[in-house]
Amino acid sequence: MRVALVDRPIDVAALVAEVAHPGTGATTLFVGTVRDQHAGRAVTGIDYDAYAPMAHRECETIGAEAAERFGTDRIVVEHRLGTLAVTEASIAIAVAAPHRVAALEAQRYLIEAIKARVPIFKREHYADGTRAWVDNRGGSVVATSGAPVEGTP
Amino acid sequence: MRVALVDRPIDVAALVAEVAHPGTGATTLFVGTVRDQHAGRAVTGIDYDAYAPMAHRECETIGAEAAERFGTDRIVVEHRLGTLAVTEASIAIAVAAPHRVAALEAQRYLIEAIKARVPIFKREHYADGTRAWVDNRGGSVVATSGAPVEGTP
Amino acid sequence: MTTTVLLFASWADALGSRLAVELPEGAQVADLLRELSSRTTGRALPEPMVAINQRYASAAQVIRAGDEVAIIPPVAGG
Amino acid sequence: MTTTVLLFASWADALGSRLAVELPEGAQVADLLRELSSRTTGRALPEPMVAINQRYASAAQVIRAGDEVAIIPPVAGG
């Protein structure tokens, strides 16, 4: 099991290769990517920020929970921080297990727990130049920066 | 949506790239790989055979069902036929959707339906030189070839 | 009516991958399976599905001249 | 007792990413949140969680000298 917060693009094929093992029959990969819209607004990019030491620790805790619960420690999680453009991956989760049910259910457990518990924050950049912090409780906008900001990607 | 039966290695990264789109926020990949054991026996490889025209048609039907049910047609399925070595991918399913629930549930629907319905057959090669057709109803061996066969990979 | 039947996996090992079977007009899938069973007595073959023209067929479906008929052992894709 | 509090996202925008807060000995998480609320009156900030030493804390947990305390707005990872 390995978890990491990274500040460079995530190589999803490398994650799939990392969990491979002759004893596994099923591998799952989940990739979260930046969408070009949210709640009806055109999105041009997202800043990901984190309480990094706790986020890393919480990802490790969740990874250990999944390993225990689903019986495989062939789990790799990478979450990217910084400013991402549309289509870029913010998170990738790879799991390999002897059988598919464990690989599928561990994947779902990991993404749901990470979304609920890991102290990572995101600020969307909109096509109109504004930015706003949004969260995972239905994705509502919880605070909007005042003036349009320069340098929106 | 695209489905294919292929006789060369599956490029899983290419499948993930193929379903990418600025409007999607979640991508899932399922990869089935040849395990080094089954039901307590050491496995050295698997032959995949198919009733190819029906298998292709049934994969297309299942893909269309998933597209309808989960609201995304960004679905690619490749199933490999021929003789595979341990760790090689027999199937890869990539799905991208605006939100994660659709991508996760479509992935699971697709692999379960393909395993239940598509006329593809596999014959395991064992370390002792024997081979046997096995199936997805719990993986029991249903027929064993008599003598050891030369050329087991 | 001579029907060509495609076979796969353990059924192909037992009877070949293509078989010409003589069936009466109006024969159903169940009749074909009975005929094939008589040729495999004593062999441990799994109960198959039958497809007609690349779709799974019920036991009562009638086989017509020119149909593409296939014996499909338990599947193992994925 | 002066406690250094880390803040993130909208809370950092409102109060800065690091804040020194004077708390009485034996103060609980709820006391800290009351103190911070008094500094953000009228601003639409989401209700946060509090972490002490990188673990989520309950409202009744006592803050001790030297604790790493963080205000965690609703998370958005994934």
# chains A, B, ... in the order shown; residues from 1 in each chain; ligands from 1
call {"tool": "select_by_dssp", "arguments": {"residues": "chain D", "states": "strand (DSSP E)", "output": "VMD selection string"}}
result
chain D and resid 2 to 7 18 to 22 49 to 52 55 to 57 69 to 72
call {"tool": "closest_atom_pairs", "arguments": {"of": "chain B", "to": "chain D", "cutoff": "10 Å", "atoms": "only C-alpha atoms", "output": "Markdown table"}}
result
| residue | atom | partner | partner_atom | distance |
| --- | --- | --- | --- | --- |
| B:Gly25 | CA | D:Gly78 | CA | 9.8 |
| B:Ala26 | CA | D:Gly78 | CA | 9.5 |
| B:Arg100 | CA | D:Gly78 | CA | 9.9 |
call {"tool": "write_last_selection", "arguments": {"atoms": "C-alpha atoms", "output": "mmCIF file, in the first residue's frame"}}
result
data_model
loop_
_atom_site.group_PDB
_atom_site.id
_atom_site.type_symbol
_atom_site.label_atom_id
_atom_site.label_comp_id
_atom_site.auth_asym_id
_atom_site.auth_seq_id
_atom_site.Cartn_x
_atom_site.Cartn_y
_atom_site.Cartn_z
ATOM 1 C CA GLY B 25 -15.186 13.917 -13.874
ATOM 2 C CA ALA B 26 -14.664 10.233 -13.201
ATOM 3 C CA ARG B 100 -18.329 8.915 -10.094
#
call {"tool": "residues_around", "arguments": {"residues": "Asp47 of chain A", "least_positions_apart": "4", "cutoff": "8 Å", "atoms": "only C-alpha atoms", "output": "NGL selection string"}}
result
:A and (81-84 or 122-125)
call {"tool": "residues_around", "arguments": {"residues": "Val21 of chain C", "least_positions_apart": "4", "cutoff": "10 Å", "atoms": "only C-alpha atoms", "output": "MDAnalysis selection string"}}
result
chainID C and resid 1:5 32 35:36
call {"tool": "write_last_selection", "arguments": {"atoms": "N, CA and C atoms", "output": "mmCIF file, in the first residue's frame"}}
result
data_model
loop_
_atom_site.group_PDB
_atom_site.id
_atom_site.type_symbol
_atom_site.label_atom_id
_atom_site.label_comp_id
_atom_site.auth_asym_id
_atom_site.auth_seq_id
_atom_site.Cartn_x
_atom_site.Cartn_y
_atom_site.Cartn_z
ATOM 1 N N MET C 1 -34.202 -32.408 -42.402
ATOM 2 C CA MET C 1 -33.527 -31.107 -42.374
ATOM 3 C C MET C 1 -32.163 -31.292 -41.723
ATOM 4 N N THR C 2 -31.101 -30.965 -42.436
ATOM 5 C CA THR C 2 -29.764 -31.059 -41.868
ATOM 6 C C THR C 2 -29.367 -29.703 -41.313
ATOM 7 N N THR C 3 -29.052 -29.701 -40.019
ATOM 8 C CA THR C 3 -28.667 -28.452 -39.369
ATOM 9 C C THR C 3 -27.196 -28.522 -38.992
ATOM 10 N N THR C 4 -26.473 -27.468 -39.312
ATOM 11 C CA THR C 4 -25.076 -27.402 -38.911
ATOM 12 C C THR C 4 -25.004 -26.754 -37.541
ATOM 13 N N VAL C 5 -24.348 -27.431 -36.616
ATOM 14 C CA VAL C 5 -24.257 -26.967 -35.231
ATOM 15 C C VAL C 5 -22.799 -26.638 -34.922
ATOM 16 N N LEU C 32 -32.793 -31.035 -30.143
ATOM 17 C CA LEU C 32 -31.371 -31.025 -30.521
ATOM 18 C C LEU C 32 -30.517 -31.470 -29.333
ATOM 19 N N GLU C 35 -30.663 -35.133 -28.819
ATOM 20 C CA GLU C 35 -29.878 -35.818 -29.853
ATOM 21 C C GLU C 35 -28.381 -35.758 -29.510
ATOM 22 N N LEU C 36 -27.905 -34.597 -29.084
ATOM 23 C CA LEU C 36 -26.476 -34.467 -28.773
ATOM 24 C C LEU C 36 -26.120 -35.273 -27.524
#
call {"tool": "interface_residues", "arguments": {"of": "chain B", "to": "chain A", "cutoff": "8 Å", "atoms": "only C-alpha atoms", "output": "NGL selection string"}}
result
:B and (12-13 or 20-37 or 86-87 or 98 or 100 or 104 or 108)
call {"tool": "write_last_selection", "arguments": {"atoms": "C-alpha atoms", "output": "PDB file, in the first residue's frame"}}
result
ATOM      1  CA  VAL B  12      -5.010  -0.190 -20.800  1.00  0.00           C
ATOM      2  CA  ALA B  13      -3.634   3.366 -20.836  1.00  0.00           C
ATOM      3  CA  ALA B  20     -11.456  10.915 -21.723  1.00  0.00           C
ATOM      4  CA  HIS B  21     -13.564  14.010 -22.355  1.00  0.00           C
ATOM      5  CA  PRO B  22     -13.693  17.521 -20.842  1.00  0.00           C
ATOM      6  CA  GLY B  23     -17.211  16.824 -19.596  1.00  0.00           C
ATOM      7  CA  THR B  24     -16.272  13.784 -17.508  1.00  0.00           C
ATOM      8  CA  GLY B  25     -15.186  13.917 -13.874  1.00  0.00           C
ATOM      9  CA  ALA B  26     -14.664  10.233 -13.201  1.00  0.00           C
ATOM     10  CA  THR B  27     -13.043   7.420 -15.128  1.00  0.00           C
ATOM     11  CA  THR B  28     -12.952   3.785 -14.074  1.00  0.00           C
ATOM     12  CA  LEU B  29     -10.904   0.967 -15.479  1.00  0.00           C
ATOM     13  CA  PHE B  30     -11.352  -2.725 -14.765  1.00  0.00           C
ATOM     14  CA  VAL B  31      -8.646  -5.136 -15.854  1.00  0.00           C
ATOM     15  CA  GLY B  32      -8.918  -8.892 -15.588  1.00  0.00           C
ATOM     16  CA  THR B  33      -5.558 -10.638 -15.538  1.00  0.00           C
ATOM     17  CA  VAL B  34      -4.348 -14.221 -15.617  1.00  0.00           C
ATOM     18  CA  ARG B  35      -3.623 -15.421 -12.071  1.00  0.00           C
ATOM     19  CA  ASP B  36      -0.867 -17.854 -11.204  1.00  0.00           C
ATOM     20  CA  GLN B  37      -3.286 -20.153  -9.410  1.00  0.00           C
ATOM     21  CA  VAL B  86       0.241 -15.057 -16.121  1.00  0.00           C
ATOM     22  CA  THR B  87      -0.244 -11.310 -15.405  1.00  0.00           C
ATOM     23  CA  PRO B  98     -19.670  13.198 -15.465  1.00  0.00           C
ATOM     24  CA  ARG B 100     -18.329   8.915 -10.094  1.00  0.00           C
ATOM     25  CA  LEU B 104     -18.350   2.973 -10.809  1.00  0.00           C
ATOM     26  CA  ARG B 108     -19.486  -3.215 -12.274  1.00  0.00           C
TER      27      ARG B 108
END
call {"tool": "atom_distance", "arguments": {"atom1": "atom CA of Ala66 of chain B", "atom2": "atom CA of Lys115 of chain B"}}
result
14.4 Å
call {"tool": "atom_distance", "arguments": {"atom1": "atom CA of Leu6 of chain D", "atom2": "atom CA of Met1 of chain A"}}
result
29.0 Å
call {"tool": "atom_distance", "arguments": {"atom1": "atom CA of Glu78 of chain B", "atom2": "atom CA of Arg2 of chain B"}}
result
8.3 Å
call {"tool": "select_by_dssp", "arguments": {"residues": "segment 22-145 of chain A", "states": "helix (DSSP H, G or I)", "output": "VMD selection string"}}
result
chain A and resid 52 to 70 100 to 117
call {"tool": "write_last_selection", "arguments": {"atoms": "N, CA and C atoms", "output": "tab-separated table (two decimals), in the first residue's frame"}}
result
chain	number	residue	atom	x	y	z
A	52	ALA	N	-1.61	19.24	4.35
A	52	ALA	CA	-0.87	18.13	3.75
A	52	ALA	C	-0.49	17.01	4.74
A	53	PRO	N	0.08	17.31	5.89
A	53	PRO	CA	0.49	16.17	6.74
A	53	PRO	C	-0.71	15.35	7.21
A	54	MET	N	-1.81	16.04	7.53
A	54	MET	CA	-2.99	15.28	7.96
A	54	MET	C	-3.63	14.55	6.77
A	55	ALA	N	-3.64	15.19	5.60
A	55	ALA	CA	-4.22	14.54	4.42
A	55	ALA	C	-3.46	13.25	4.11
A	56	HIS	N	-2.15	13.31	4.20
A	56	HIS	CA	-1.36	12.11	3.94
A	56	HIS	C	-1.65	11.03	4.97
A	57	ARG	N	-1.70	11.44	6.23
A	57	ARG	CA	-1.97	10.48	7.30
A	57	ARG	C	-3.35	9.86	7.13
A	58	GLU	N	-4.35	10.68	6.78
A	58	GLU	CA	-5.72	10.17	6.63
A	58	GLU	C	-5.81	9.23	5.44
A	59	CYS	N	-5.11	9.55	4.36
A	59	CYS	CA	-5.08	8.62	3.21
A	59	CYS	C	-4.46	7.28	3.62
A	60	GLU	N	-3.42	7.34	4.44
A	60	GLU	CA	-2.79	6.08	4.89
A	60	GLU	C	-3.75	5.29	5.77
A	61	THR	N	-4.48	5.98	6.62
A	61	THR	CA	-5.46	5.30	7.48
A	61	THR	C	-6.54	4.62	6.63
A	62	ILE	N	-7.04	5.35	5.65
A	62	ILE	CA	-8.09	4.81	4.77
A	62	ILE	C	-7.55	3.64	3.95
A	63	GLY	N	-6.33	3.76	3.47
A	63	GLY	CA	-5.71	2.65	2.73
A	63	GLY	C	-5.59	1.41	3.61
A	64	ALA	N	-5.20	1.61	4.86
A	64	ALA	CA	-5.06	0.47	5.77
A	64	ALA	C	-6.43	-0.15	6.08
A	65	GLU	N	-7.44	0.70	6.21
A	65	GLU	CA	-8.80	0.18	6.42
A	65	GLU	C	-9.24	-0.68	5.24
A	66	ALA	N	-8.98	-0.20	4.03
A	66	ALA	CA	-9.38	-0.96	2.83
A	66	ALA	C	-8.60	-2.26	2.74
A	67	ALA	N	-7.33	-2.21	3.03
A	67	ALA	CA	-6.50	-3.43	2.98
A	67	ALA	C	-7.05	-4.48	3.94
A	68	GLU	N	-7.39	-4.04	5.13
A	68	GLU	CA	-7.92	-4.95	6.15
A	68	GLU	C	-9.30	-5.49	5.73
A	69	ARG	N	-10.15	-4.58	5.28
A	69	ARG	CA	-11.52	-4.95	4.98
A	69	ARG	C	-11.64	-5.84	3.75
A	70	PHE	N	-10.80	-5.58	2.74
A	70	PHE	CA	-10.96	-6.30	1.47
A	70	PHE	C	-9.84	-7.30	1.20
A	100	ARG	N	-12.36	-10.25	-8.37
A	100	ARG	CA	-12.87	-8.94	-8.76
A	100	ARG	C	-13.68	-8.23	-7.68
A	101	VAL	N	-14.43	-8.98	-6.88
A	101	VAL	CA	-15.29	-8.30	-5.91
A	101	VAL	C	-14.46	-7.44	-4.96
A	102	ALA	N	-13.35	-7.99	-4.48
A	102	ALA	CA	-12.49	-7.22	-3.57
A	102	ALA	C	-11.92	-5.99	-4.27
A	103	ALA	N	-11.49	-6.15	-5.52
A	103	ALA	CA	-10.89	-5.01	-6.24
A	103	ALA	C	-11.93	-3.93	-6.50
A	104	LEU	N	-13.15	-4.34	-6.84
A	104	LEU	CA	-14.21	-3.36	-7.11
A	104	LEU	C	-14.66	-2.67	-5.82
A	105	GLU	N	-14.85	-3.44	-4.77
A	105	GLU	CA	-15.38	-2.86	-3.54
A	105	GLU	C	-14.33	-2.03	-2.81
A	106	ALA	N	-13.08	-2.44	-2.87
A	106	ALA	CA	-12.02	-1.63	-2.25
A	106	ALA	C	-11.91	-0.28	-2.96
A	107	GLN	N	-11.99	-0.30	-4.29
A	107	GLN	CA	-11.94	0.94	-5.07
A	107	GLN	C	-13.03	1.90	-4.62
A	108	ARG	N	-14.24	1.39	-4.48
A	108	ARG	CA	-15.35	2.26	-4.10
A	108	ARG	C	-15.19	2.75	-2.66
A	109	TYR	N	-14.78	1.86	-1.78
A	109	TYR	CA	-14.55	2.27	-0.39
A	109	TYR	C	-13.52	3.39	-0.34
A	110	LEU	N	-12.44	3.23	-1.07
A	110	LEU	CA	-11.36	4.22	-1.02
A	110	LEU	C	-11.82	5.57	-1.53
A	111	ILE	N	-12.47	5.63	-2.67
A	111	ILE	CA	-12.84	6.96	-3.19
A	111	ILE	C	-13.89	7.62	-2.29
A	112	GLU	N	-14.84	6.82	-1.78
A	112	GLU	CA	-15.87	7.43	-0.92
A	112	GLU	C	-15.25	7.95	0.38
A	113	ALA	N	-14.37	7.17	0.98
A	113	ALA	CA	-13.75	7.60	2.25
A	113	ALA	C	-12.83	8.79	2.03
A	114	ILE	N	-12.08	8.78	0.95
A	114	ILE	CA	-11.19	9.91	0.68
A	114	ILE	C	-12.01	11.18	0.47
A	115	LYS	N	-13.07	11.07	-0.30
A	115	LYS	CA	-13.91	12.26	-0.53
A	115	LYS	C	-14.54	12.77	0.75
A	116	ALA	N	-14.85	11.89	1.67
A	116	ALA	CA	-15.54	12.29	2.89
A	116	ALA	C	-14.60	12.81	3.97
A	117	ARG	N	-13.37	12.30	4.01
A	117	ARG	CA	-12.55	12.49	5.21
A	117	ARG	C	-11.23	13.20	5.04
call {"tool": "closest_residue", "arguments": {"among": "B:Arg131, B:Ile10, B:Tyr51, B:Ala42", "to": "Ala70 of chain C", "atoms": "only C-alpha atoms"}}
result
B:Tyr51
